[in-house]
>>> print(open('model.txt').read())   # compact mmCIF, C-alpha atoms
# COMPACT_ATOMS: atom_id res chain seq x y z
CA MET Q 115 0.00 0.00 0.00
CA ASP Q 116 1.30 3.44 -0.91
CA PRO Q 117 1.72 5.42 2.33
CA THR Q 118 1.73 8.76 0.49
CA PRO Q 119 -1.49 10.61 1.32
CA PRO Q 120 -3.50 11.85 -1.65
CA PRO Q 121 -2.92 15.49 -2.55
CA ASN Q 122 -5.21 17.94 -0.84
CA PRO Q 123 -7.22 19.69 -3.58
CA SER Q 124 -7.41 22.95 -1.64
CA GLN Q 125 -3.65 22.99 -1.10
CA GLN Q 126 -3.06 22.21 -4.77
CA LEU Q 127 -5.34 25.05 -5.77
CA LEU Q 128 -3.62 27.44 -3.36
CA GLU Q 129 -0.28 26.60 -4.96
CA HIS Q 130 -1.73 27.43 -8.36
CA ILE Q 131 -3.29 30.67 -7.10
CA SER Q 132 -0.03 31.91 -5.58
CA SER Q 133 2.23 30.70 -8.39
CA TYR Q 134 2.68 34.24 -9.66
CA TRP Q 135 4.85 34.81 -6.57
CA ILE Q 136 7.27 32.24 -7.97
CA SER Q 137 7.27 33.93 -11.39
CA GLN Q 138 8.29 37.25 -9.89
CA ILE Q 139 10.94 35.68 -7.63
CA ILE Q 140 12.53 34.09 -10.70
CA GLY Q 141 12.24 37.31 -12.72
CA VAL Q 142 13.94 39.45 -10.07
CA ALA Q 143 16.67 36.86 -9.50
CA ALA Q 144 17.32 36.94 -13.25
CA ARG Q 145 17.48 40.74 -13.38
CA LEU Q 146 19.95 40.81 -10.49
CA ARG Q 147 22.16 38.18 -12.20
CA LEU Q 148 22.32 36.17 -8.97
CA SER Q 149 22.96 32.93 -10.83
CA ASP Q 150 25.96 34.45 -12.61
CA LEU Q 151 27.43 35.59 -9.31
CA LEU Q 152 26.84 32.22 -7.61
CA ALA Q 153 28.26 30.20 -10.50
CA SER Q 154 31.76 30.20 -9.01
CA GLY Q 155 30.68 29.11 -5.52
CA PRO Q 156 28.68 29.96 -2.37
CA LEU Q 157 28.19 33.58 -1.37
CA SER Q 158 26.29 35.28 1.42
CA SER Q 159 23.37 37.53 0.63
CA ASP Q 160 25.15 40.28 2.61
CA ALA Q 161 28.16 40.02 0.27
CA LEU Q 162 25.92 39.94 -2.80
CA ALA Q 163 23.76 42.93 -1.82
CA PRO Q 164 26.22 45.73 -2.68
CA ARG Q 165 27.22 43.96 -5.88
CA VAL Q 166 23.64 43.89 -7.19
CA GLY Q 167 22.46 47.17 -5.67
CA ALA Q 168 19.95 45.60 -3.28
CA HIS Q 169 19.03 46.09 0.38
CA PRO Q 170 20.73 43.32 2.42
CA ASP Q 171 17.58 42.23 4.22
CA GLY Q 172 15.43 42.47 1.09
CA LEU Q 173 17.92 40.38 -0.87
CA TYR Q 174 18.17 37.76 1.87
CA ARG Q 175 14.40 37.39 1.95
CA LEU Q 176 14.30 37.09 -1.87
CA MET Q 177 16.97 34.39 -1.88
CA ARG Q 178 15.35 32.52 1.00
CA ALA Q 179 12.15 32.50 -1.07
CA GLY Q 180 14.30 31.40 -4.01
CA VAL Q 181 15.18 28.30 -1.98
CA ALA Q 182 11.46 27.48 -1.85
CA ALA Q 183 11.31 28.05 -5.62
CA GLY Q 184 14.19 25.60 -6.16
CA LEU Q 185 16.73 28.18 -7.40
CA PHE Q 186 19.15 28.08 -4.46
CA THR Q 187 20.06 26.14 -1.37
CA GLU Q 188 20.90 27.93 1.87
CA VAL Q 189 23.91 27.08 3.97
CA PRO Q 190 23.28 28.91 7.25
CA PRO Q 191 23.90 31.60 8.09
CA ARG Q 192 22.56 33.50 5.03
CA THR Q 193 24.87 31.84 2.48
CA PHE Q 194 23.56 30.41 -0.76
CA THR Q 195 24.59 27.99 -3.49
CA LEU Q 196 23.16 27.48 -6.95
CA THR Q 197 20.91 24.53 -7.86
CA PRO Q 198 20.66 23.03 -11.37
CA LEU Q 199 17.35 24.88 -11.77
CA GLY Q 200 18.91 28.17 -10.74
CA ALA Q 201 21.83 27.54 -13.10
CA CYS Q 202 19.41 27.86 -16.01
CA LEU Q 203 19.24 31.59 -15.19
CA ARG Q 204 22.94 32.08 -15.92
CA SER Q 205 23.75 34.37 -18.84
CA GLU Q 206 25.43 33.25 -22.04
CA VAL Q 207 25.20 29.52 -21.38
CA PRO Q 208 23.49 26.92 -23.60
CA GLY Q 209 19.81 26.74 -22.72
CA SER Q 210 19.86 29.95 -20.67
CA MET Q 211 16.39 30.99 -19.51
CA ARG Q 212 17.46 34.36 -18.12
CA ASP Q 213 16.03 36.48 -20.94
CA MET Q 214 12.81 34.46 -20.95
CA ALA Q 215 12.41 34.95 -17.19
CA ILE Q 216 12.92 38.71 -17.53
CA THR Q 217 10.62 38.96 -20.57
CA LEU Q 218 7.66 37.13 -19.05
CA THR Q 219 7.83 39.12 -15.81
CA SER Q 220 8.39 42.55 -17.43
CA PRO Q 221 5.62 45.11 -18.03
CA GLY Q 222 5.07 44.19 -21.68
CA HIS Q 223 3.90 40.68 -20.76
CA TRP Q 224 3.00 41.01 -17.11
CA ARG Q 225 0.65 44.01 -17.00
CA PRO Q 226 -1.76 42.83 -19.72
CA TRP Q 227 -2.27 39.57 -17.80
CA THR Q 228 -3.45 41.50 -14.72
CA ASP Q 229 -6.65 42.22 -16.67
CA LEU Q 230 -7.35 38.74 -18.04
CA PHE Q 231 -10.93 39.18 -16.80
CA THR Q 232 -11.51 41.94 -19.36
CA ALA Q 233 -9.87 39.93 -22.15
CA VAL Q 234 -12.22 37.02 -21.47
CA GLN Q 235 -15.26 39.31 -21.28
CA THR Q 236 -14.47 41.15 -24.50
CA GLY Q 237 -12.51 38.57 -26.47
CA ARG Q 238 -9.88 41.24 -27.13
CA SER Q 239 -6.32 41.91 -26.05
CA THR Q 240 -5.77 44.03 -22.94
CA VAL Q 241 -2.38 45.33 -24.10
CA ARG Q 242 -3.46 48.84 -25.09
CA GLY Q 243 -5.32 49.34 -21.83
CA ALA Q 244 -2.33 48.15 -19.82
CA LEU Q 245 0.52 49.69 -21.82
CA GLY Q 246 -1.05 52.46 -23.90
CA ALA Q 247 0.27 50.77 -27.06
CA ASN Q 248 0.33 47.41 -28.76
CA ILE Q 249 3.11 45.03 -27.78
CA TRP Q 250 5.35 45.93 -30.75
CA GLU Q 251 4.95 49.67 -30.17
CA HIS Q 252 5.74 49.08 -26.49
CA PHE Q 253 8.97 47.32 -27.46
CA GLU Q 254 9.95 50.20 -29.76
CA LYS Q 255 9.59 52.60 -26.81
CA ASN Q 256 11.39 50.24 -24.42
CA PRO Q 257 14.49 48.97 -26.24
CA GLU Q 258 16.00 47.20 -23.21
CA GLU Q 259 12.84 45.13 -22.74
CA ALA Q 260 12.74 44.53 -26.49
CA SER Q 261 16.32 43.30 -26.36
CA HIS Q 262 15.48 40.74 -23.67
CA PHE Q 263 12.46 39.64 -25.73
CA ASP Q 264 14.51 39.23 -28.90
CA ARG Q 265 17.15 37.18 -27.08
CA ALA Q 266 14.48 35.11 -25.34
CA MET Q 267 12.87 34.28 -28.66
CA GLY Q 268 16.29 33.46 -30.08
CA ALA Q 269 17.03 31.12 -27.18
CA PHE Q 270 13.63 29.48 -27.56
CA SER Q 271 14.33 29.06 -31.26
CA SER Q 272 17.57 27.27 -30.45
CA PHE Q 273 15.56 24.61 -28.59
CA ILE Q 274 13.68 23.71 -31.74
CA ALA Q 275 16.04 24.77 -34.54
CA THR Q 276 17.88 21.46 -34.77
CA GLU Q 277 14.54 19.62 -34.72
CA VAL Q 278 13.26 21.62 -37.69
CA ALA Q 279 16.47 20.97 -39.64
CA ARG Q 280 16.20 17.26 -38.86
CA LEU Q 281 12.49 16.84 -39.55
CA HIS Q 282 12.38 18.58 -42.94
CA ASP Q 283 14.72 18.02 -45.90
CA PHE Q 284 15.95 21.47 -46.98
CA SER Q 285 18.59 20.11 -49.37
CA ARG Q 286 16.17 20.45 -52.31
CA TYR Q 287 15.96 24.26 -51.96
CA ALA Q 288 18.41 26.84 -53.28
CA ARG Q 289 16.98 29.62 -51.10
CA VAL Q 290 15.21 29.41 -47.74
CA ALA Q 291 13.56 32.55 -46.37
CA ASP Q 292 12.81 32.92 -42.65
CA VAL Q 293 9.95 35.41 -42.47
CA GLY Q 294 9.87 37.23 -39.14
CA GLY Q 295 13.07 35.35 -38.28
CA SER Q 296 14.32 37.72 -35.54
CA GLN Q 297 18.00 36.97 -34.78
CA GLY Q 298 18.24 34.21 -37.41
CA VAL Q 299 18.70 31.32 -34.97
CA LEU Q 300 16.37 28.96 -36.83
CA LEU Q 301 17.74 29.88 -40.25
CA THR Q 302 21.31 29.47 -38.98
CA ALA Q 303 20.56 25.88 -37.94
CA VAL Q 304 19.11 25.13 -41.37
CA LEU Q 305 22.09 26.62 -43.22
CA ARG Q 306 24.57 24.73 -41.06
CA ALA Q 307 22.74 21.44 -41.66
CA TYR Q 308 22.38 22.07 -45.41
CA PRO Q 309 25.52 23.72 -46.84
CA SER Q 310 24.02 23.94 -50.33
CA CYS Q 311 21.26 26.34 -49.20
CA ARG Q 312 21.34 30.11 -49.16
CA GLY Q 313 19.27 31.93 -46.54
CA ILE Q 314 17.16 35.09 -46.48
CA LEU Q 315 16.42 36.62 -43.07
CA PHE Q 316 13.36 38.89 -43.32
CA ASP Q 317 12.10 41.06 -40.46
CA LEU Q 318 11.38 44.64 -39.45
CA PRO Q 319 14.23 47.16 -39.90
CA HIS Q 320 15.14 47.49 -36.20
CA VAL Q 321 15.19 43.70 -35.83
CA ILE Q 322 17.41 43.24 -38.87
CA ASP Q 323 19.79 45.92 -37.57
CA GLY Q 324 20.07 43.98 -34.32
CA ALA Q 325 20.66 40.68 -36.12
CA ARG Q 326 23.64 41.74 -38.23
CA ALA Q 327 26.26 41.20 -35.54
CA GLN Q 328 24.85 37.76 -34.71
CA VAL Q 329 24.89 36.65 -38.34
CA GLU Q 330 28.48 37.86 -38.74
CA ALA Q 331 29.51 36.11 -35.52
CA GLU Q 332 28.08 32.87 -36.90
CA GLY Q 333 30.19 33.30 -40.03
CA LEU Q 334 27.14 33.25 -42.30
CA SER Q 335 27.14 36.79 -43.70
CA GLN Q 336 28.14 35.40 -47.14
CA ARG Q 337 25.29 32.86 -47.18
CA MET Q 338 22.49 34.83 -45.52
CA ASP Q 339 20.87 37.94 -47.02
CA LEU Q 340 19.32 40.31 -44.49
CA VAL Q 341 16.20 42.00 -45.82
CA ALA Q 342 14.14 44.56 -43.89
CA GLY Q 343 10.42 45.02 -44.37
CA SER Q 344 6.92 44.19 -43.20
CA PHE Q 345 5.29 40.88 -44.02
CA PHE Q 346 2.04 42.77 -44.61
CA GLU Q 347 3.56 44.46 -47.66
CA PRO Q 348 4.60 43.04 -51.08
CA VAL Q 349 8.33 43.18 -50.28
CA ILE Q 350 9.03 39.57 -49.23
CA PRO Q 351 11.86 38.11 -51.37
CA ALA Q 352 11.36 35.17 -53.72
CA ALA Q 353 12.45 31.75 -52.46
CA GLU Q 354 11.80 28.02 -52.86
CA ALA Q 355 10.97 27.56 -49.17
CA TYR Q 356 9.70 29.76 -46.36
CA LEU Q 357 9.97 29.36 -42.61
CA LEU Q 358 7.30 30.96 -40.46
CA LYS Q 359 7.98 30.26 -36.78
CA HIS Q 360 5.63 31.55 -34.09
CA ILE Q 361 4.29 34.27 -36.36
CA LEU Q 362 0.72 33.24 -37.19
CA HIS Q 363 -0.20 32.73 -33.54
CA ASP Q 364 0.47 36.46 -32.99
CA TRP Q 365 -2.40 37.40 -35.30
CA ASP Q 366 -6.10 36.88 -35.84
CA ASP Q 367 -7.37 35.06 -38.92
CA ALA Q 368 -7.69 38.20 -41.06
CA SER Q 369 -4.10 39.29 -40.39
CA SER Q 370 -2.75 35.74 -40.73
CA THR Q 371 -4.51 35.50 -44.08
CA ALA Q 372 -2.81 38.71 -45.22
CA ILE Q 373 0.63 37.37 -44.20
CA LEU Q 374 0.13 34.05 -45.96
CA ARG Q 375 -1.05 35.78 -49.13
CA GLN Q 376 2.03 38.01 -49.21
CA ILE Q 377 4.29 34.97 -48.89
CA HIS Q 378 2.28 33.14 -51.56
CA ARG Q 379 2.66 36.12 -53.89
CA ALA Q 380 6.45 36.11 -53.41
CA ALA Q 381 6.96 32.34 -53.49
CA LEU Q 382 8.33 30.62 -56.56
CA PRO Q 383 6.18 27.94 -58.26
CA GLY Q 384 5.94 24.78 -56.15
CA ALA Q 385 7.50 26.48 -53.12
CA ARG Q 386 7.09 24.98 -49.66
CA LEU Q 387 5.95 26.72 -46.51
CA ILE Q 388 7.01 25.34 -43.11
CA VAL Q 389 4.94 26.83 -40.31
CA VAL Q 390 6.30 26.12 -36.82
CA GLU Q 391 3.59 26.45 -34.17
CA MET Q 392 1.86 24.64 -31.35
CA VAL Q 393 -1.29 22.85 -32.51
CA LEU Q 394 -4.37 22.63 -30.32
CA PRO Q 395 -5.84 19.12 -30.01
CA ASP Q 396 -9.21 18.67 -31.70
CA GLY Q 397 -10.56 16.44 -28.96
CA GLY Q 398 -10.24 18.74 -25.96
CA GLU Q 399 -7.30 16.92 -24.33
CA PRO Q 400 -5.22 18.91 -21.80
CA SER Q 401 -2.54 20.83 -23.66
CA ARG Q 402 -0.02 23.59 -22.98
CA ALA Q 403 -1.13 24.99 -26.31
CA ALA Q 404 -4.35 26.05 -24.56
CA LEU Q 405 -2.33 28.13 -22.10
CA MET Q 406 -0.37 29.73 -24.94
CA ASP Q 407 -3.65 30.40 -26.74
CA LEU Q 408 -4.87 32.45 -23.78
CA ASN Q 409 -1.54 34.29 -23.69
CA MET Q 410 -2.00 35.23 -27.33
CA LEU Q 411 -5.51 36.54 -26.62
CA VAL Q 412 -4.16 38.75 -23.82
CA LEU Q 413 -1.09 40.05 -25.63
CA ALA Q 414 -1.86 40.30 -29.30
CA ASP Q 415 -5.41 39.35 -30.32
CA GLY Q 416 -3.71 36.25 -31.68
CA ARG Q 417 -4.57 32.58 -31.19
CA GLU Q 418 -3.34 29.01 -31.38
CA ARG Q 419 -5.20 26.79 -33.84
CA THR Q 420 -6.20 23.18 -34.41
CA ALA Q 421 -4.96 21.13 -37.36
CA ARG Q 422 -8.31 21.63 -39.11
CA GLU Q 423 -8.11 25.39 -38.59
CA TYR Q 424 -4.59 25.51 -40.04
CA GLU Q 425 -5.67 23.45 -43.04
CA ALA Q 426 -8.55 25.85 -43.75
CA LEU Q 427 -6.40 28.95 -43.24
CA LEU Q 428 -3.73 27.66 -45.59
CA ALA Q 429 -6.21 26.53 -48.24
CA SER Q 430 -7.86 29.97 -48.28
CA THR Q 431 -4.52 31.57 -49.18
CA GLY Q 432 -3.34 29.16 -51.88
CA TRP Q 433 -1.37 26.68 -49.77
CA ALA Q 434 -2.12 22.94 -49.73
CA LEU Q 435 -1.41 21.26 -46.40
CA GLU Q 436 0.88 18.26 -46.90
CA ARG Q 437 1.58 17.04 -43.36
CA ILE Q 438 1.85 18.05 -39.72
CA THR Q 439 4.86 16.63 -37.89
CA PRO Q 440 5.14 16.90 -34.09
CA ALA Q 441 8.56 17.73 -32.62
CA PRO Q 442 9.80 16.64 -29.18
CA SER Q 443 9.91 20.27 -27.99
CA GLY Q 444 6.12 20.54 -28.26
CA VAL Q 445 5.85 22.47 -31.51
CA ASN Q 446 4.69 21.11 -34.86
CA LEU Q 447 5.97 21.48 -38.40
CA ILE Q 448 2.97 22.37 -40.53
CA GLU Q 449 4.19 21.77 -44.10
CA ALA Q 450 2.36 23.13 -47.13
CA ARG Q 451 2.92 23.48 -50.87
CA LYS Q 452 2.13 26.50 -53.02
CA GLN Q 453 -0.82 25.99 -55.31
CA VAL Q 454 -1.59 28.04 -58.39
CA THR Q 455 -4.49 30.41 -57.74
CA PRO Q 456 -6.60 32.28 -60.33
CA ALA Q 457 -4.61 35.46 -59.55
CA ASP Q 458 -1.37 33.63 -60.46
CA SER Q 459 -2.55 32.27 -63.81
>>> encode(input="model.txt", output="structure tokens")
Amino acid sequence: MDPTPPPNPSQQLLEHISSYWISQIIGVAARLRLSDLLASGPLSSDALAPRVGAHPDGLYRLMRAGVAAGLFTEVPPRTFTLTPLGACLRSEVPGSMRDMAITLTSPGHWRPWTDLFTAVQTGRSTVRGALGANIWEHFEKNPEEASHFDRAMGAFSSFIATEVARLHDFSRYARVADVGGSQGVLLTAVLRAYPSCRGILFDLPHVIDGARAQVEAEGLSQRMDLVAGSFFEPVIPAAEAYLLKHILHDWDDASSTAILRQIHRAALPGARLIVVEMVLPDGGEPSRAALMDLNMLVLADGRERTAREYEALLASTGWALERITPAPSGVNLIEARKQVTPADS
């Protein structure tokens, strides 16, 4: 007989209700770079306080709470060491979650969620009410926050980039365009795996400006063209294949339709489109995609979609769905082929 008592539903629910405490503990620890400072060995909170510009008692209480969150262990009195979980908040290490922790607990993401009630009542994003601008305008006015967001998205892309390169054969394409490709992490993985390909990184001007150094550091400036523009305008370059990672979920159906039509207009005959997104289950099974779907409602009037919804969206814009391939990271490769439409003939 298992001696472990069954979980108390009220206690479980209380842990869920108060889980935003943990989010903010992690976010502040990331901002203060505590994991970087503890990487070389134990330190006291009193010794750390002047180095991070914090009140000694306030920092001790944060780090003691960080023990409860699994980030640190305390060696009395008031001395802390880093756990494997806390080590994920180190900067500039493979798999770093520091930028993601800062992004999700910063005003651009955090404040709109405080009015989820209104989003559910109205079916509309609460970003403008919370920030006075949409999320992209907010980032333009707050470049430091935008920088954390861009790096967080790049780090997240690195989790799935090798999967995309493995799950789809890009060797048949001369040019692969990553539309809305941010820092070029996904496209870099494809170009490294397929030396015969040439890449096109397409994004807004300020994003492309920020990506140049990264592309040069990767040694790919001779194989990757950087093109600035909006995917709502007819300026997308021609290519045999297009990557579209975590773009469509930012937008409602009307805007997603406009994006897909612009890509279709630019695409060469027979071109392939590889959409990388979460896919909601059709049968109502529990899914993290449902949580992301609510996040997209709050932040951007966007949405996650089911396989049937993606098939219909693609078909309405001249793309024939070929297959949907799940990846271990939780995303899916939604692969489609360009069809000839009356406007093309």
>>> residues_around(input="model.txt", residues="Gly397 (chain Q)", least_positions_apart="3", cutoff="12 Å", atoms="only C-alpha atoms", output="ChimeraX atom specification")
/Q:393-394,400-401,420-422
>>> axis_aligned_box(input="model.txt", around="region 382-390 of chain Q", padding_each_side="6 Å", output="AutoDock Vina command-line options")
--center_x 6.6 --center_y 27.7 --center_z -47.5 --size_x 15.4 --size_y 17.8 --size_z 33.4
>>> residues_around(input="model.txt", residues="Ala429 (chain Q)", least_positions_apart="6", cutoff="12 Å", atoms="only C-alpha atoms", output="list in words")
Thr371, Leu374, Arg375, His378, Arg422, Glu423, Leu435, Glu436, Ala450, Arg451, Lys452, Gln453, Val454 and Thr455 of chain Q
>>> closest_residue(input="model.txt", among="Q:Ala331, Q:Leu428, Q:Leu447, Q:Leu173", to="Ser158 (chain Q)", atoms="only C-alpha atoms")
Q:Leu173
>>> residues_around(input="model.txt", residues="region 247-256 of chain Q", least_positions_apart="3", cutoff="7 Å", atoms="only C-alpha atoms", output="list of chain:residue names")
Q:Gly222, Q:Val241, Q:Arg242, Q:Glu259, Q:Ala260, Q:Leu413
>>> atom_distance(input="model.txt", atom1="CA of His169 (chain Q)", atom2="CA of Thr217 (chain Q)")
23.7 Å
>>> residues_around(input="model.txt", residues="Phe316 (chain Q)", least_positions_apart="2", cutoff="8 Å", atoms="all atoms listed in the file", output="number ranges by chain")
Q: 291-296, 314, 318, 322, 340-343, 350
>>> write_last_selection(input="model.txt", atoms="C-alpha atoms", output="PDB file, in the coordinates of the input")
ATOM      1  CA  ALA Q 291      13.560  32.550 -46.370  1.00  0.00           C
ATOM      2  CA  ASP Q 292      12.810  32.920 -42.650  1.00  0.00           C
ATOM      3  CA  VAL Q 293       9.950  35.410 -42.470  1.00  0.00           C
ATOM      4  CA  GLY Q 294       9.870  37.230 -39.140  1.00  0.00           C
ATOM      5  CA  GLY Q 295      13.070  35.350 -38.280  1.00  0.00           C
ATOM      6  CA  SER Q 296      14.320  37.720 -35.540  1.00  0.00           C
ATOM      7  CA  ILE Q 314      17.160  35.090 -46.480  1.00  0.00           C
ATOM      8  CA  LEU Q 318      11.380  44.640 -39.450  1.00  0.00           C
ATOM      9  CA  ILE Q 322      17.410  43.240 -38.870  1.00  0.00           C
ATOM     10  CA  LEU Q 340      19.320  40.310 -44.490  1.00  0.00           C
ATOM     11  CA  VAL Q 341      16.200  42.000 -45.820  1.00  0.00           C
ATOM     12  CA  ALA Q 342      14.140  44.560 -43.890  1.00  0.00           C
ATOM     13  CA  GLY Q 343      10.420  45.020 -44.370  1.00  0.00           C
ATOM     14  CA  ILE Q 350       9.030  39.570 -49.230  1.00  0.00           C
TER      15      ILE Q 350
END
>>> residues_around(input="model.txt", residues="Asn446 (chain Q)", least_positions_apart="4", cutoff="10 Å", atoms="all atoms listed in the file", output="PyMOL selection string")
chain Q and resi 274+277-278+359+388-393+421+437-442
>>> residues_near_point(input="model.txt", point="(14.2, 42.0, -18.3)", cutoff="10 Å", atoms="all atoms listed in the file", output="NGL selection string")
:Q and (141-142 or 144-146 or 212-222 or 258-263 or 266)
>>> write_last_selection(input="model.txt", atoms="C-alpha atoms", output="compact mmCIF listing (two decimals), keeping the file's coordinate frame")
# COMPACT_ATOMS: atom_id res chain seq x y z
CA GLY Q 141 12.24 37.31 -12.72
CA VAL Q 142 13.94 39.45 -10.07
CA ALA Q 144 17.32 36.94 -13.25
CA ARG Q 145 17.48 40.74 -13.38
CA LEU Q 146 19.95 40.81 -10.49
CA ARG Q 212 17.46 34.36 -18.12
CA ASP Q 213 16.03 36.48 -20.94
CA MET Q 214 12.81 34.46 -20.95
CA ALA Q 215 12.41 34.95 -17.19
CA ILE Q 216 12.92 38.71 -17.53
CA THR Q 217 10.62 38.96 -20.57
CA LEU Q 218 7.66 37.13 -19.05
CA THR Q 219 7.83 39.12 -15.81
CA SER Q 220 8.39 42.55 -17.43
CA PRO Q 221 5.62 45.11 -18.03
CA GLY Q 222 5.07 44.19 -21.68
CA GLU Q 258 16.00 47.20 -23.21
CA GLU Q 259 12.84 45.13 -22.74
CA ALA Q 260 12.74 44.53 -26.49
CA SER Q 261 16.32 43.30 -26.36
CA HIS Q 262 15.48 40.74 -23.67
CA PHE Q 263 12.46 39.64 -25.73
CA ALA Q 266 14.48 35.11 -25.34
>>> atom_distance(input="model.txt", atom1="CA of Thr228 (chain Q)", atom2="CA of Gly246 (chain Q)")
14.5 Å
>>> build_atoms(input="model.txt", residues="region 396-412 of chain Q", atoms="N, CA, C and O atoms", output="short mmCIF file (atom, residue, chain, number, x, y, z; two decimals), in the coordinates of the input")
data_model
loop_
_atom_site.label_atom_id
_atom_site.label_comp_id
_atom_site.auth_asym_id
_atom_site.auth_seq_id
_atom_site.Cartn_x
_atom_site.Cartn_y
_atom_site.Cartn_z
N ASP Q 396 -7.81 18.55 -31.30
CA ASP Q 396 -9.21 18.67 -31.70
C ASP Q 396 -10.16 18.10 -30.67
O ASP Q 396 -11.33 18.48 -30.62
N GLY Q 397 -9.66 17.15 -29.86
CA GLY Q 397 -10.56 16.44 -28.96
C GLY Q 397 -10.68 16.99 -27.55
O GLY Q 397 -11.29 16.35 -26.70
N GLY Q 398 -10.10 18.15 -27.27
CA GLY Q 398 -10.24 18.74 -25.96
C GLY Q 398 -9.29 18.20 -24.90
O GLY Q 398 -9.49 18.45 -23.71
N GLU Q 399 -8.26 17.45 -25.30
CA GLU Q 399 -7.30 16.92 -24.33
C GLU Q 399 -6.52 18.08 -23.69
O GLU Q 399 -6.32 19.12 -24.31
N PRO Q 400 -6.05 17.88 -22.44
CA PRO Q 400 -5.22 18.91 -21.80
C PRO Q 400 -3.99 19.20 -22.64
O PRO Q 400 -3.35 18.28 -23.17
N SER Q 401 -3.65 20.46 -22.80
CA SER Q 401 -2.54 20.83 -23.66
C SER Q 401 -1.98 22.18 -23.23
O SER Q 401 -2.74 23.11 -22.93
N ARG Q 402 -0.64 22.29 -23.25
CA ARG Q 402 -0.02 23.59 -22.98
C ARG Q 402 -0.35 24.58 -24.09
O ARG Q 402 -0.25 25.80 -23.87
N ALA Q 403 -0.73 24.09 -25.24
CA ALA Q 403 -1.13 24.99 -26.31
C ALA Q 403 -2.33 25.83 -25.90
O ALA Q 403 -2.49 26.96 -26.36
N ALA Q 404 -3.20 25.29 -25.04
CA ALA Q 404 -4.35 26.05 -24.56
C ALA Q 404 -3.92 27.22 -23.69
O ALA Q 404 -4.55 28.28 -23.70
N LEU Q 405 -2.85 27.03 -22.91
CA LEU Q 405 -2.33 28.13 -22.10
C LEU Q 405 -1.71 29.20 -23.00
O LEU Q 405 -1.92 30.40 -22.79
N MET Q 406 -0.95 28.76 -24.01
CA MET Q 406 -0.37 29.73 -24.94
C MET Q 406 -1.45 30.46 -25.71
O MET Q 406 -1.33 31.65 -26.02
N ASP Q 407 -2.54 29.77 -26.03
CA ASP Q 407 -3.65 30.40 -26.74
C ASP Q 407 -4.21 31.56 -25.93
O ASP Q 407 -4.49 32.64 -26.48
N LEU Q 408 -4.36 31.37 -24.63
CA LEU Q 408 -4.87 32.45 -23.78
C LEU Q 408 -3.86 33.60 -23.71
O LEU Q 408 -4.23 34.78 -23.70
N ASN Q 409 -2.58 33.27 -23.69
CA ASN Q 409 -1.54 34.29 -23.69
C ASN Q 409 -1.63 35.14 -24.96
O ASN Q 409 -1.47 36.37 -24.92
N MET Q 410 -1.91 34.50 -26.08
CA MET Q 410 -2.00 35.23 -27.33
C MET Q 410 -3.25 36.11 -27.38
O MET Q 410 -3.23 37.19 -27.99
N LEU Q 411 -4.33 35.68 -26.74
CA LEU Q 411 -5.51 36.54 -26.62
C LEU Q 411 -5.16 37.80 -25.83
O LEU Q 411 -5.47 38.92 -26.25
N VAL Q 412 -4.49 37.63 -24.70
CA VAL Q 412 -4.16 38.75 -23.82
C VAL Q 412 -3.21 39.73 -24.50
O VAL Q 412 -3.38 40.94 -24.43
#
